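What follows is one structure encoded as C-alpha cells, with my remarks underneath.
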Amino acid sequence: MSNAQQQSATSDAASGERYDAIIIGAGIAGMYQLYRLRELGLSVRVFETGTDVGGTWYWNRYPGARFDSESYSYGYSFSEDLLKEWDWSEHFSAQPETLRYLNFVADKFDLRKDIQFNSRISTATFDEAEDAWDVVTDDGTTARARFLITAVGPLSAHTLPNIEGRDSFEGLSCHTARWPKEGIDFAGKRVGVIGTGATGVQVIQEIAKTVGQLTVFQLQPNYCAPLHNSKIDSKTQAEIHASYPEIFDKCRASHGGFIHQPDPRSAVEVPAEEREAIWEKLYSEPGFGIWMGNFADVLINEESNRLMTEFIVKKIRERVKDPEVAEKLIPKDHGFGTRRVPLETRYYEVYNQHNVELIDLNENPIERITPKGVKTRESEYELDILIYATGFDAITGSFDRIEIRGEGGKTLKDKWADGPRTYLGIQAAGFPNLLTLVGPHNAATFCNIPRCIEQNVEWVTDLMGYMRDKKYTRITATKAAEDEWTKHVYDIASLTLLSKTPSWFTGANLNVPEKKQTFLAYAGGSPAYTSKCDEVAANDYEGFALE
Ligand code: NA7
C-alpha cells in the first residue's frame, strides 16, 4: 500500500464505527475477552470470519474431532454459574458437544450482540496521530478503536499442499478445517487422506469404521498414544462439579495447564522394571499423562527420550499385525513427544483392516492429483473423496493473512519475516495498542489452551483498566524488553528436544516454504510465564512504554 493509499484507508476507516477495543476472532479467546472488556465498561466490537462463535470448534467439524484435554479442565473457569450449569458427557468431548458448549456460553452472556459475523478483517492500520487502530473488512466495513486485540488462534490458517492438479479432482475434496456443516457420508466410499498429524489420526480412525476403501498418504508418522475416552457417569459428574477449584489449581500449577503432573525423577535414574511399570500405567490411562505426566526429562534428555521412544515403538509393533506396515508407522526422524503427540482410539488397529492401505510418501511420492484421484510414482489411486488433513500455517500464519501496519507503515509480517519478536508474546515493538492473545512466544501456544487464554485475557483486561485509570492512550513494548524476551524464548526452547525437531512448533511447513523455521511457541511453561506477566504488571508494566 502506498502512503497515499494508506492515508485514504485510514481516513475511510476513521469514518466507520468507533470503539474502545476491536477484537479479531470469536473463538474461546475472543469470546472471553469480549466478556471481560464489557464488564470493564468498554465499548467492544468483535469481527469474526465464520457465521457463528466457536473458532477452532466452529471450523473443525471433521468426523472424530475431539479434545485431547479432559473436558472439565478445558471449559472456562471464570464463572461459577457456568460451571454449575454445564455437564460434559464424555471425559474428552467431541466437537459437536464443544461447539454446543461455546454456543451456550455465547447465549448465557449475550455475547453475539457485539460480534459481527461473516466479517474477515483484511487490513489493520495504526493511526499514530490519534493512537487508534483502523480496520477494514473484506466487504469494506470500516471501524476504529484505541486497542486492537487479536484472538485469531494459533492453528487456524489452514494450508493445502502445493500438489500439481489439486483443483482437477472431480470427486469431493476438503480440508479438515473447512468441513461442510452438513457433513459427508463415507459409507462404502473410496476415500483418501493426506496427512497423519493429530487431525489425520482422529479422522482416519473415525471414518475407517464406515468407508469402503481407505488410502492413507503419509509423509512422516507421529508417535501416537491411547486417549482412553469414556462417558462421564452421574457419580463422576458430581465429583467433577465438587472439585472444580482443585482441578483448576492443578492446571495452574502444571507446565502446560493440564491436570497431569510430571514425575520429577530422571527416566534414566529409575530402575528399568519400575520405569517400564510407570510407562505401562501411563499408556493405560486417559489423556496426555504419557506426554505431560511422564518423567520430567523425557523431552530434555536424549537418553531418557530414547528409552521412552523404545517403549512406544514396542507398542506400535504389538498393535499392527503386518510388520512392514508397523515399520512405516514408526517415526524414524524424531523421538517420542518431540512433536505434538496425537491421542488415538484404535488408530493403529485401523491398519489391520483389509480395506485400509498405507502409502509411505517417502518411498512412493505423490506426483499429481488427477480428476480421478491421486497419482503416485508407483500407481494411481481412484477416489470418491479426498481429505486434506494437512495442518496449518501455525501461530504466525493467521497474523500474516491480515495486513497489519504499525508505526511508520511497517507491516507485522515484515517485522516477523525472520521469526517473531515480541514482549511476552502479547506485544510487538512498533505496533502500539496491539495485543496478541495466544500470540507467538506466548505460553498459551503450548498449553491446555483455555487455561492460558484466561490468563492472557485477564492480564490484558487489567492492563486496559490500568491505562484507563492513568489516562494513558498508548502502550508499546520497548525494543530492549522485546529483545530480552525473544532471547529468553529461544534460550529456554534450546534446552528441550522440541526445538531440535521440525514440527509446527518450529515453523516447519512444507506448504509454506517461505516460512522461516524458528521456535514459535514458549517452552518455559505456564507458571513461569504467569509469574513474569504478574511481575511486569506489579512493576507498572515494566518493559512497556506508556504514554
Ligand atoms: P499437523 O500436525 O501439522 O499435521 C499435518 C499433516 O499433514 C502431517 O502429517 C504432515 O506431514 C502432512 N502434510 C502436510 N503437507 C503435506 C503435503 N504437502 N503432502 C503430504 N503430507 C503433508 O496438523 P494437524 O491438523 O494434524 O494438527 C494440528 C494441531 O491441531 C494439532 O497438533 C493439535 O494441537 C490441533 P509431515 O508432518 O510434514 O511429515
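Within each chain, counting starts at residue 1; across the C-alpha cells, chains are named A, B, ... in the order shown, with ligands numbered 1 upward in that order.
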Test item, alpha helix (DSSP H) assignment across stretch 473-546 of chain A, answer as a short mmCIF file (atom, residue, chain, number, x, y, z; two decimals) with N, CA and C atoms, in the first residue's frame:
```cif
data_model
loop_
_atom_site.label_atom_id
_atom_site.label_comp_id
_atom_site.auth_asym_id
_atom_site.auth_seq_id
_atom_site.Cartn_x
_atom_site.Cartn_y
_atom_site.Cartn_z
N LYS A 479 12.00 -1.83 22.73
CA LYS A 479 12.83 -2.73 21.94
C LYS A 479 13.69 -3.60 22.87
N ALA A 480 14.16 -2.99 23.95
CA ALA A 480 15.03 -3.74 24.88
C ALA A 480 14.26 -4.91 25.51
N ALA A 481 13.01 -4.65 25.92
CA ALA A 481 12.21 -5.71 26.55
C ALA A 481 11.91 -6.81 25.52
N GLU A 482 11.63 -6.38 24.32
CA GLU A 482 11.33 -7.35 23.26
C GLU A 482 12.57 -8.22 22.96
N ASP A 483 13.73 -7.58 22.87
CA ASP A 483 14.96 -8.34 22.60
C ASP A 483 15.22 -9.37 23.70
N GLU A 484 15.02 -8.91 24.92
CA GLU A 484 15.30 -9.79 26.05
C GLU A 484 14.34 -10.99 26.09
N TRP A 485 13.05 -10.70 25.85
CA TRP A 485 12.06 -11.79 25.87
C TRP A 485 12.34 -12.78 24.73
N THR A 486 12.64 -12.25 23.56
CA THR A 486 12.86 -13.11 22.40
C THR A 486 14.08 -14.02 22.65
N LYS A 487 15.10 -13.46 23.24
CA LYS A 487 16.29 -14.26 23.56
C LYS A 487 15.92 -15.33 24.58
N HIS A 488 15.16 -14.95 25.59
CA HIS A 488 14.74 -15.90 26.62
C HIS A 488 13.93 -17.05 26.00
N VAL A 489 13.04 -16.73 25.08
CA VAL A 489 12.21 -17.76 24.43
C VAL A 489 13.12 -18.78 23.74
N TYR A 490 14.11 -18.29 22.99
CA TYR A 490 14.99 -19.21 22.27
C TYR A 490 15.91 -19.97 23.22
N ASP A 491 16.37 -19.28 24.27
CA ASP A 491 17.26 -19.96 25.24
C ASP A 491 16.53 -21.13 25.90
N ILE A 492 15.30 -20.88 26.33
CA ILE A 492 14.52 -21.93 27.01
C ILE A 492 14.22 -23.06 26.02
N ALA A 493 13.84 -22.68 24.82
CA ALA A 493 13.50 -23.70 23.81
C ALA A 493 14.71 -24.60 23.54
N SER A 494 15.89 -23.99 23.52
CA SER A 494 17.07 -24.77 23.15
C SER A 494 17.40 -25.85 24.19
N SER A 526 3.65 -22.51 31.71
CA SER A 526 2.66 -21.52 32.07
C SER A 526 2.90 -20.88 33.45
N PRO A 527 3.31 -21.64 34.48
CA PRO A 527 3.52 -20.96 35.78
C PRO A 527 4.61 -19.89 35.71
N ALA A 528 5.72 -20.20 35.03
CA ALA A 528 6.81 -19.21 34.93
C ALA A 528 6.35 -18.00 34.12
N TYR A 529 5.60 -18.28 33.06
CA TYR A 529 5.10 -17.19 32.21
C TYR A 529 4.14 -16.29 33.00
N THR A 530 3.23 -16.93 33.75
CA THR A 530 2.26 -16.16 34.52
C THR A 530 2.97 -15.30 35.56
N SER A 531 3.98 -15.87 36.23
CA SER A 531 4.72 -15.08 37.24
C SER A 531 5.37 -13.87 36.59
N LYS A 532 5.95 -14.11 35.42
CA LYS A 532 6.62 -12.99 34.72
C LYS A 532 5.59 -11.90 34.37
N CYS A 533 4.45 -12.32 33.85
CA CYS A 533 3.41 -11.34 33.48
C CYS A 533 2.95 -10.58 34.73
N ASP A 534 2.76 -11.28 35.84
CA ASP A 534 2.31 -10.64 37.07
C ASP A 534 3.35 -9.64 37.58
N GLU A 535 4.60 -10.05 37.45
CA GLU A 535 5.69 -9.17 37.92
C GLU A 535 5.74 -7.89 37.07
N VAL A 536 5.59 -8.07 35.77
CA VAL A 536 5.60 -6.91 34.87
C VAL A 536 4.46 -5.94 35.26
N ALA A 537 3.27 -6.50 35.50
CA ALA A 537 2.12 -5.66 35.87
C ALA A 537 2.37 -4.96 37.21
N ALA A 538 2.90 -5.73 38.16
CA ALA A 538 3.13 -5.16 39.50
C ALA A 538 4.15 -4.02 39.45
#
```
Distance filter 7 Å around ligand 1, atoms: only C-alpha atoms and all ligand atoms, out as a PyMOL selection string: chain A and resi 155+160-163+194-200+217-221+340+389-392+503-504+509-511
Selection file, N, CA, C and O atoms, as a CSV table (one decimal), in the first residue's frame:
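New file part-v8.csv:
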```csv
chain,number,residue,atom,x,y,z
A,155,LEU,N,-3.8,-22.1,15.5
A,155,LEU,CA,-3.9,-23.1,14.4
A,155,LEU,C,-5.2,-22.9,13.7
A,155,LEU,O,-6.1,-23.7,13.8
A,160,LEU,N,-3.2,-26.0,2.4
A,160,LEU,CA,-3.4,-27.1,1.4
A,160,LEU,C,-2.0,-27.4,0.8
A,160,LEU,O,-1.2,-26.5,0.6
A,161,PRO,N,-1.8,-28.7,0.4
A,161,PRO,CA,-0.5,-29.0,-0.2
A,161,PRO,C,-0.4,-28.4,-1.6
A,161,PRO,O,-1.4,-28.3,-2.3
A,162,ASN,N,0.8,-28.0,-2.0
A,162,ASN,CA,1.0,-27.5,-3.3
A,162,ASN,C,1.3,-28.7,-4.3
A,162,ASN,O,2.4,-28.9,-4.7
A,163,ILE,N,0.3,-29.4,-4.5
A,163,ILE,CA,0.4,-30.6,-5.4
A,163,ILE,C,-0.2,-30.3,-6.8
A,163,ILE,O,-1.3,-29.8,-6.8
A,194,ILE,N,-4.7,-37.3,3.2
A,194,ILE,CA,-3.3,-36.9,3.1
A,194,ILE,C,-3.1,-36.2,4.5
A,194,ILE,O,-3.7,-35.2,4.8
A,195,GLY,N,-2.1,-36.7,5.2
A,195,GLY,CA,-1.7,-36.1,6.5
A,195,GLY,C,-2.0,-37.0,7.7
A,195,GLY,O,-3.1,-37.6,7.7
A,196,THR,N,-1.0,-37.1,8.5
A,196,THR,CA,-1.2,-38.0,9.7
A,196,THR,C,-0.7,-37.3,11.0
A,196,THR,O,0.0,-37.9,11.8
A,197,GLY,N,-1.1,-36.1,11.1
A,197,GLY,CA,-0.9,-35.4,12.4
A,197,GLY,C,-2.1,-35.7,13.3
A,197,GLY,O,-2.8,-36.6,13.1
A,198,ALA,N,-2.2,-34.9,14.4
A,198,ALA,CA,-3.3,-35.1,15.3
A,198,ALA,C,-4.7,-35.2,14.7
A,198,ALA,O,-5.5,-36.0,15.0
A,199,THR,N,-4.9,-34.3,13.6
A,199,THR,CA,-6.1,-34.3,12.9
A,199,THR,C,-6.3,-35.5,12.1
A,199,THR,O,-7.4,-36.2,12.1
A,200,GLY,N,-5.3,-35.9,11.3
A,200,GLY,CA,-5.4,-37.0,10.4
A,200,GLY,C,-5.7,-38.3,11.2
A,200,GLY,O,-6.5,-39.1,10.8
A,217,PHE,N,-2.2,-41.4,2.9
A,217,PHE,CA,-1.0,-40.9,2.3
A,217,PHE,C,-0.2,-40.3,3.4
A,217,PHE,O,-0.5,-39.2,3.8
A,218,GLN,N,0.9,-40.9,3.8
A,218,GLN,CA,1.7,-40.5,5.0
A,218,GLN,C,3.1,-40.0,4.6
A,218,GLN,O,3.8,-40.7,4.0
A,219,LEU,N,3.4,-38.8,5.1
A,219,LEU,CA,4.8,-38.3,4.9
A,219,LEU,C,5.6,-38.8,6.1
A,219,LEU,O,6.3,-39.8,6.0
A,220,GLN,N,5.4,-38.1,7.2
A,220,GLN,CA,6.1,-38.6,8.4
A,220,GLN,C,5.0,-39.1,9.4
A,220,GLN,O,4.1,-38.4,9.7
A,221,PRO,N,5.2,-40.3,10.0
A,221,PRO,CA,4.3,-40.7,11.0
A,221,PRO,C,4.6,-40.0,12.3
A,221,PRO,O,5.7,-39.4,12.4
A,340,ARG,N,4.0,-32.9,18.5
A,340,ARG,CA,2.7,-33.0,19.2
A,340,ARG,C,2.3,-34.5,19.1
A,340,ARG,O,2.2,-35.1,18.1
A,389,ALA,N,-5.8,-33.5,5.5
A,389,ALA,CA,-5.5,-33.2,6.9
A,389,ALA,C,-4.1,-32.7,7.1
A,389,ALA,O,-3.3,-33.2,7.8
A,390,THR,N,-3.9,-31.6,6.3
A,390,THR,CA,-2.5,-31.2,6.1
A,390,THR,C,-2.1,-30.0,7.0
A,390,THR,O,-1.1,-29.3,6.7
A,391,GLY,N,-2.9,-29.7,8.0
A,391,GLY,CA,-2.5,-28.8,9.0
A,391,GLY,C,-2.6,-27.3,8.7
A,391,GLY,O,-3.3,-26.9,7.8
A,392,PHE,N,-1.8,-26.5,9.4
A,392,PHE,CA,-1.9,-25.1,9.5
A,392,PHE,C,-0.6,-24.4,9.3
A,392,PHE,O,0.5,-24.9,9.6
A,503,SER,N,8.7,-29.3,13.4
A,503,SER,CA,7.2,-29.5,13.6
A,503,SER,C,6.6,-28.2,13.5
A,503,SER,O,7.2,-27.1,13.3
A,504,TRP,N,5.2,-28.1,13.7
A,504,TRP,CA,4.6,-26.8,13.7
A,504,TRP,C,5.1,-25.9,14.8
A,504,TRP,O,5.0,-24.7,14.7
A,509,ASN,N,6.8,-26.2,7.7
A,509,ASN,CA,5.6,-26.4,7.0
A,509,ASN,C,5.9,-26.5,5.5
A,509,ASN,O,6.3,-25.5,4.9
A,510,LEU,N,5.8,-27.7,5.0
A,510,LEU,CA,6.1,-28.0,3.6
A,510,LEU,C,5.3,-27.1,2.7
A,510,LEU,O,5.7,-26.7,1.6
A,511,ASN,N,4.1,-26.7,3.1
A,511,ASN,CA,3.2,-25.9,2.2
A,511,ASN,C,3.4,-24.4,2.3
A,511,ASN,O,2.8,-23.7,1.6
```
Which residue of A:Lys516, A:His91, A:Arg401, A:Lys181 approaches A:Asn229 most closely, using only C-alpha atoms: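 Comparing A:Lys516, A:His91, A:Arg401, A:Lys181 against A:Asn229, the winner is A:His91.
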Exercise: A:Glu344 partners within 9 Å, only C-alpha atoms, chain neighbours under 3 positions left out, as a PyMOL selection string: chain A and resi 198+201-202+205+224-228+347-348
Among the residues A:Ala523, A:Ile359, A:Val216, A:Met464, the one that comes closest to A:Ser379 [using only C-alpha atoms]: A:Ile359
Per-residue DSSP, stretch 410-462 of chain A, filtered to strand (DSSP E or B), as a list in words: Thr411, Tyr423, Gln427, Leu434, Leu435 and Thr436 of chain A
Go ahead and save the residues from that selection, with C-alpha atoms, as a PDB file, in the first residue's frame.
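part.pdb written:
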```
ATOM      1  CA  THR A 411       3.876  -4.482   8.479  1.00  0.00           C
ATOM      2  CA  TYR A 423       7.437  -8.991  24.514  1.00  0.00           C
ATOM      3  CA  GLN A 427       3.003  -7.155  22.169  1.00  0.00           C
ATOM      4  CA  LEU A 434      -1.959  -4.147  19.504  1.00  0.00           C
ATOM      5  CA  LEU A 435      -2.377  -7.015  21.950  1.00  0.00           C
ATOM      6  CA  THR A 436      -1.920 -10.551  20.703  1.00  0.00           C
TER       7      THR A 436
END
```
Could you build a table of the residues in stretch 11-90 of chain A lying no more than 8 Å from stretch 116-131 of chain A, giving for each the nearest pair of atoms and their separation in Å rounded to one decimal place, using only C-alpha atoms, ordered by chain and ascending residue number, as CSV?
```
residue,atom,partner,partner_atom,distance
A:Ile24,CA,A:Ile121,CA,7.4
A:Arg45,CA,A:Gln116,CA,7.3
A:Val46,CA,A:Gln116,CA,6.0
A:Phe47,CA,A:Gln116,CA,5.0
A:Glu48,CA,A:Phe117,CA,4.9
A:Thr49,CA,A:Arg120,CA,4.6
A:Gly50,CA,A:Asn118,CA,5.3
A:Thr51,CA,A:Phe117,CA,5.1
A:Asp52,CA,A:Phe117,CA,6.3
```
Could you give me, as a PDB file with N, CA, C and O atoms, in the first residue's frame, the residues within 12 Å of A:Arg166, counting only C-alpha atoms and dropping anything in the same chain fewer than 3 positions from it?
```
ATOM      1  N   LEU A 160      -3.171 -26.005   2.364  1.00  0.00           N
ATOM      2  CA  LEU A 160      -3.358 -27.109   1.419  1.00  0.00           C
ATOM      3  C   LEU A 160      -2.019 -27.406   0.765  1.00  0.00           C
ATOM      4  O   LEU A 160      -1.196 -26.510   0.595  1.00  0.00           O
ATOM      5  N   PRO A 161      -1.780 -28.654   0.402  1.00  0.00           N
ATOM      6  CA  PRO A 161      -0.500 -28.965  -0.233  1.00  0.00           C
ATOM      7  C   PRO A 161      -0.397 -28.386  -1.641  1.00  0.00           C
ATOM      8  O   PRO A 161      -1.410 -28.292  -2.346  1.00  0.00           O
ATOM      9  N   ASN A 162       0.821 -28.015  -1.988  1.00  0.00           N
ATOM     10  CA  ASN A 162       1.033 -27.488  -3.349  1.00  0.00           C
ATOM     11  C   ASN A 162       1.296 -28.656  -4.298  1.00  0.00           C
ATOM     12  O   ASN A 162       2.414 -28.853  -4.745  1.00  0.00           O
ATOM     13  N   ILE A 163       0.272 -29.431  -4.538  1.00  0.00           N
ATOM     14  CA  ILE A 163       0.449 -30.592  -5.422  1.00  0.00           C
ATOM     15  C   ILE A 163      -0.203 -30.269  -6.762  1.00  0.00           C
ATOM     16  O   ILE A 163      -1.332 -29.766  -6.809  1.00  0.00           O
ATOM     17  N   PHE A 169      -9.350 -32.527  -9.356  1.00  0.00           N
ATOM     18  CA  PHE A 169     -10.038 -33.698  -8.797  1.00  0.00           C
ATOM     19  C   PHE A 169     -11.557 -33.554  -8.955  1.00  0.00           C
ATOM     20  O   PHE A 169     -12.141 -32.533  -8.573  1.00  0.00           O
ATOM     21  N   GLU A 170     -12.193 -34.574  -9.507  1.00  0.00           N
ATOM     22  CA  GLU A 170     -13.637 -34.475  -9.788  1.00  0.00           C
ATOM     23  C   GLU A 170     -14.514 -35.000  -8.660  1.00  0.00           C
ATOM     24  O   GLU A 170     -15.726 -34.830  -8.671  1.00  0.00           O
ATOM     25  N   GLY A 171     -13.901 -35.679  -7.696  1.00  0.00           N
ATOM     26  CA  GLY A 171     -14.674 -36.145  -6.540  1.00  0.00           C
ATOM     27  C   GLY A 171     -14.828 -35.014  -5.546  1.00  0.00           C
ATOM     28  O   GLY A 171     -14.635 -33.843  -5.863  1.00  0.00           O
ATOM     29  N   LEU A 172     -15.155 -35.393  -4.309  1.00  0.00           N
ATOM     30  CA  LEU A 172     -15.328 -34.368  -3.266  1.00  0.00           C
ATOM     31  C   LEU A 172     -14.017 -34.252  -2.498  1.00  0.00           C
ATOM     32  O   LEU A 172     -13.456 -35.271  -2.088  1.00  0.00           O
ATOM     33  N   SER A 173     -13.521 -33.034  -2.357  1.00  0.00           N
ATOM     34  CA  SER A 173     -12.298 -32.893  -1.564  1.00  0.00           C
ATOM     35  C   SER A 173     -12.481 -31.762  -0.566  1.00  0.00           C
ATOM     36  O   SER A 173     -13.198 -30.798  -0.843  1.00  0.00           O
ATOM     37  N   CYS A 174     -11.857 -31.914   0.597  1.00  0.00           N
ATOM     38  CA  CYS A 174     -11.907 -30.797   1.531  1.00  0.00           C
ATOM     39  C   CYS A 174     -10.849 -30.905   2.612  1.00  0.00           C
ATOM     40  O   CYS A 174     -10.353 -31.991   2.919  1.00  0.00           O
ATOM     41  N   ILE A 366       3.695 -38.574  -4.054  1.00  0.00           N
ATOM     42  CA  ILE A 366       2.587 -38.145  -4.920  1.00  0.00           C
ATOM     43  C   ILE A 366       3.175 -37.342  -6.076  1.00  0.00           C
ATOM     44  O   ILE A 366       3.982 -36.434  -5.861  1.00  0.00           O
ATOM     45  N   GLU A 367       2.753 -37.690  -7.285  1.00  0.00           N
ATOM     46  CA  GLU A 367       3.204 -36.913  -8.457  1.00  0.00           C
ATOM     47  C   GLU A 367       2.204 -35.831  -8.800  1.00  0.00           C
ATOM     48  O   GLU A 367       2.560 -34.725  -9.132  1.00  0.00           O
ATOM     49  N   ARG A 368       0.930 -36.194  -8.722  1.00  0.00           N
ATOM     50  CA  ARG A 368      -0.095 -35.200  -9.010  1.00  0.00           C
ATOM     51  C   ARG A 368      -1.457 -35.699  -8.541  1.00  0.00           C
ATOM     52  O   ARG A 368      -1.655 -36.880  -8.303  1.00  0.00           O
ATOM     53  N   ILE A 369      -2.374 -34.748  -8.437  1.00  0.00           N
ATOM     54  CA  ILE A 369      -3.774 -35.100  -8.210  1.00  0.00           C
ATOM     55  C   ILE A 369      -4.403 -35.130  -9.600  1.00  0.00           C
ATOM     56  O   ILE A 369      -4.145 -34.230 -10.426  1.00  0.00           O
ATOM     57  N   THR A 370      -5.195 -36.140  -9.865  1.00  0.00           N
ATOM     58  CA  THR A 370      -5.825 -36.268 -11.184  1.00  0.00           C
ATOM     59  C   THR A 370      -7.343 -36.095 -11.012  1.00  0.00           C
ATOM     60  O   THR A 370      -7.826 -36.077  -9.880  1.00  0.00           O
ATOM     61  N   PRO A 371      -8.071 -36.009 -12.100  1.00  0.00           N
ATOM     62  CA  PRO A 371      -9.534 -35.922 -11.952  1.00  0.00           C
ATOM     63  C   PRO A 371     -10.097 -37.119 -11.178  1.00  0.00           C
ATOM     64  O   PRO A 371     -11.088 -37.019 -10.486  1.00  0.00           O
ATOM     65  N   LYS A 372      -9.414 -38.266 -11.270  1.00  0.00           N
ATOM     66  CA  LYS A 372      -9.944 -39.487 -10.640  1.00  0.00           C
ATOM     67  C   LYS A 372      -9.422 -39.730  -9.233  1.00  0.00           C
ATOM     68  O   LYS A 372      -9.997 -40.508  -8.470  1.00  0.00           O
ATOM     69  N   GLY A 373      -8.275 -39.157  -8.895  1.00  0.00           N
ATOM     70  CA  GLY A 373      -7.726 -39.452  -7.571  1.00  0.00           C
ATOM     71  C   GLY A 373      -6.301 -38.962  -7.392  1.00  0.00           C
ATOM     72  O   GLY A 373      -5.963 -37.852  -7.797  1.00  0.00           O
ATOM     73  N   VAL A 374      -5.454 -39.826  -6.826  1.00  0.00           N
ATOM     74  CA  VAL A 374      -4.080 -39.432  -6.526  1.00  0.00           C
ATOM     75  C   VAL A 374      -3.127 -40.332  -7.305  1.00  0.00           C
ATOM     76  O   VAL A 374      -3.206 -41.564  -7.222  1.00  0.00           O
ATOM     77  N   LYS A 375      -2.229 -39.701  -8.049  1.00  0.00           N
ATOM     78  CA  LYS A 375      -1.246 -40.466  -8.818  1.00  0.00           C
ATOM     79  C   LYS A 375       0.094 -40.374  -8.095  1.00  0.00           C
ATOM     80  O   LYS A 375       0.644 -39.289  -7.901  1.00  0.00           O
ATOM     81  N   LEU A 386     -11.423 -37.006  -1.206  1.00  0.00           N
ATOM     82  CA  LEU A 386     -10.026 -36.783  -0.814  1.00  0.00           C
ATOM     83  C   LEU A 386      -9.988 -35.768   0.332  1.00  0.00           C
ATOM     84  O   LEU A 386     -10.470 -34.640   0.180  1.00  0.00           O
ATOM     85  N   ILE A 387      -9.436 -36.195   1.460  1.00  0.00           N
ATOM     86  CA  ILE A 387      -9.395 -35.325   2.648  1.00  0.00           C
ATOM     87  C   ILE A 387      -7.977 -34.808   2.837  1.00  0.00           C
ATOM     88  O   ILE A 387      -7.017 -35.579   2.873  1.00  0.00           O
ATOM     89  N   TYR A 388      -7.880 -33.496   2.983  1.00  0.00           N
ATOM     90  CA  TYR A 388      -6.589 -32.884   3.302  1.00  0.00           C
ATOM     91  C   TYR A 388      -6.533 -32.631   4.804  1.00  0.00           C
ATOM     92  O   TYR A 388      -7.209 -31.733   5.313  1.00  0.00           O
TER      93      TYR A 388
END
```
From A:Val325, A:Val313, A:Ile259, A:Val341, residue lying nearest A:Tyr72 [only C-alpha atoms]: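 Of all the options, A:Ile259 lies closest to A:Tyr72.
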Contact residues around stretch 315-318 of chain A with only C-alpha atoms at 8 Å, ignoring same-chain residues under 6 positions, as a PyMOL selection string: chain A and resi 326-327+329-330+348
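Of the residues under consideration (A:Asp68, A:Glu85, A:Glu17, A:Asp414), A:Glu17 shows the shortest atom-to-atom contact distance to A:Arg144 when counting only C-alpha atoms.
With distances restricted to only C-alpha atoms, A:Gly337 is the closest residue to A:Ser499 from A:Gly41, A:Pro323, A:Gly337, A:Pro154.
Nearest residue to A:Val512 among A:Val356, A:Ala157, A:Ile290, A:Leu498 is A:Ala157, counting only C-alpha atoms.
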Contact residues around A:Leu495 with only C-alpha atoms at 12 Å, ignoring same-chain residues under 5 positions, as a list of chain:residue names: A:Asp297, A:Val298, A:Leu299, A:Ile300, A:Asn301, A:Glu302, A:His488, A:Val489, A:Tyr490, A:Lys500, A:Phe519, A:Tyr522, A:Ala523, A:Gly524
Output the selection as a PDB file, in the first residue's frame - C-alpha atoms for each residue.
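This is the output file out18.pdb:
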```
ATOM      1  CA  ASP A 297      13.455 -35.208  31.468  1.00  0.00           C
ATOM      2  CA  VAL A 298      11.828 -37.237  28.695  1.00  0.00           C
ATOM      3  CA  LEU A 299      11.615 -34.133  26.499  1.00  0.00           C
ATOM      4  CA  ILE A 300      15.034 -32.858  27.547  1.00  0.00           C
ATOM      5  CA  ASN A 301      17.477 -35.734  27.931  1.00  0.00           C
ATOM      6  CA  GLU A 302      18.223 -37.703  24.759  1.00  0.00           C
ATOM      7  CA  HIS A 488      14.744 -15.903  26.624  1.00  0.00           C
ATOM      8  CA  VAL A 489      12.214 -17.763  24.430  1.00  0.00           C
ATOM      9  CA  TYR A 490      14.986 -19.215  22.267  1.00  0.00           C
ATOM     10  CA  LYS A 500      15.561 -29.702  17.654  1.00  0.00           C
ATOM     11  CA  PHE A 519      10.700 -21.755  17.613  1.00  0.00           C
ATOM     12  CA  TYR A 522       7.076 -20.728  24.545  1.00  0.00           C
ATOM     13  CA  ALA A 523       8.550 -23.748  26.306  1.00  0.00           C
ATOM     14  CA  GLY A 524       9.177 -22.200  29.714  1.00  0.00           C
TER      15      GLY A 524
END
```
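Omitting stretch 233-236 of chain A and its sequence neighbours fewer than 6 positions away, and counting only C-alpha atoms, the residues within 12 Å are Tyr72, Asp87, Trp88, Ser89, Glu90, His91, Ala242 and Ser243 of chain A.
A straight line drawn from atom CA of A:Tyr76 to atom CA of A:Gly543 is 29.8 Å long.
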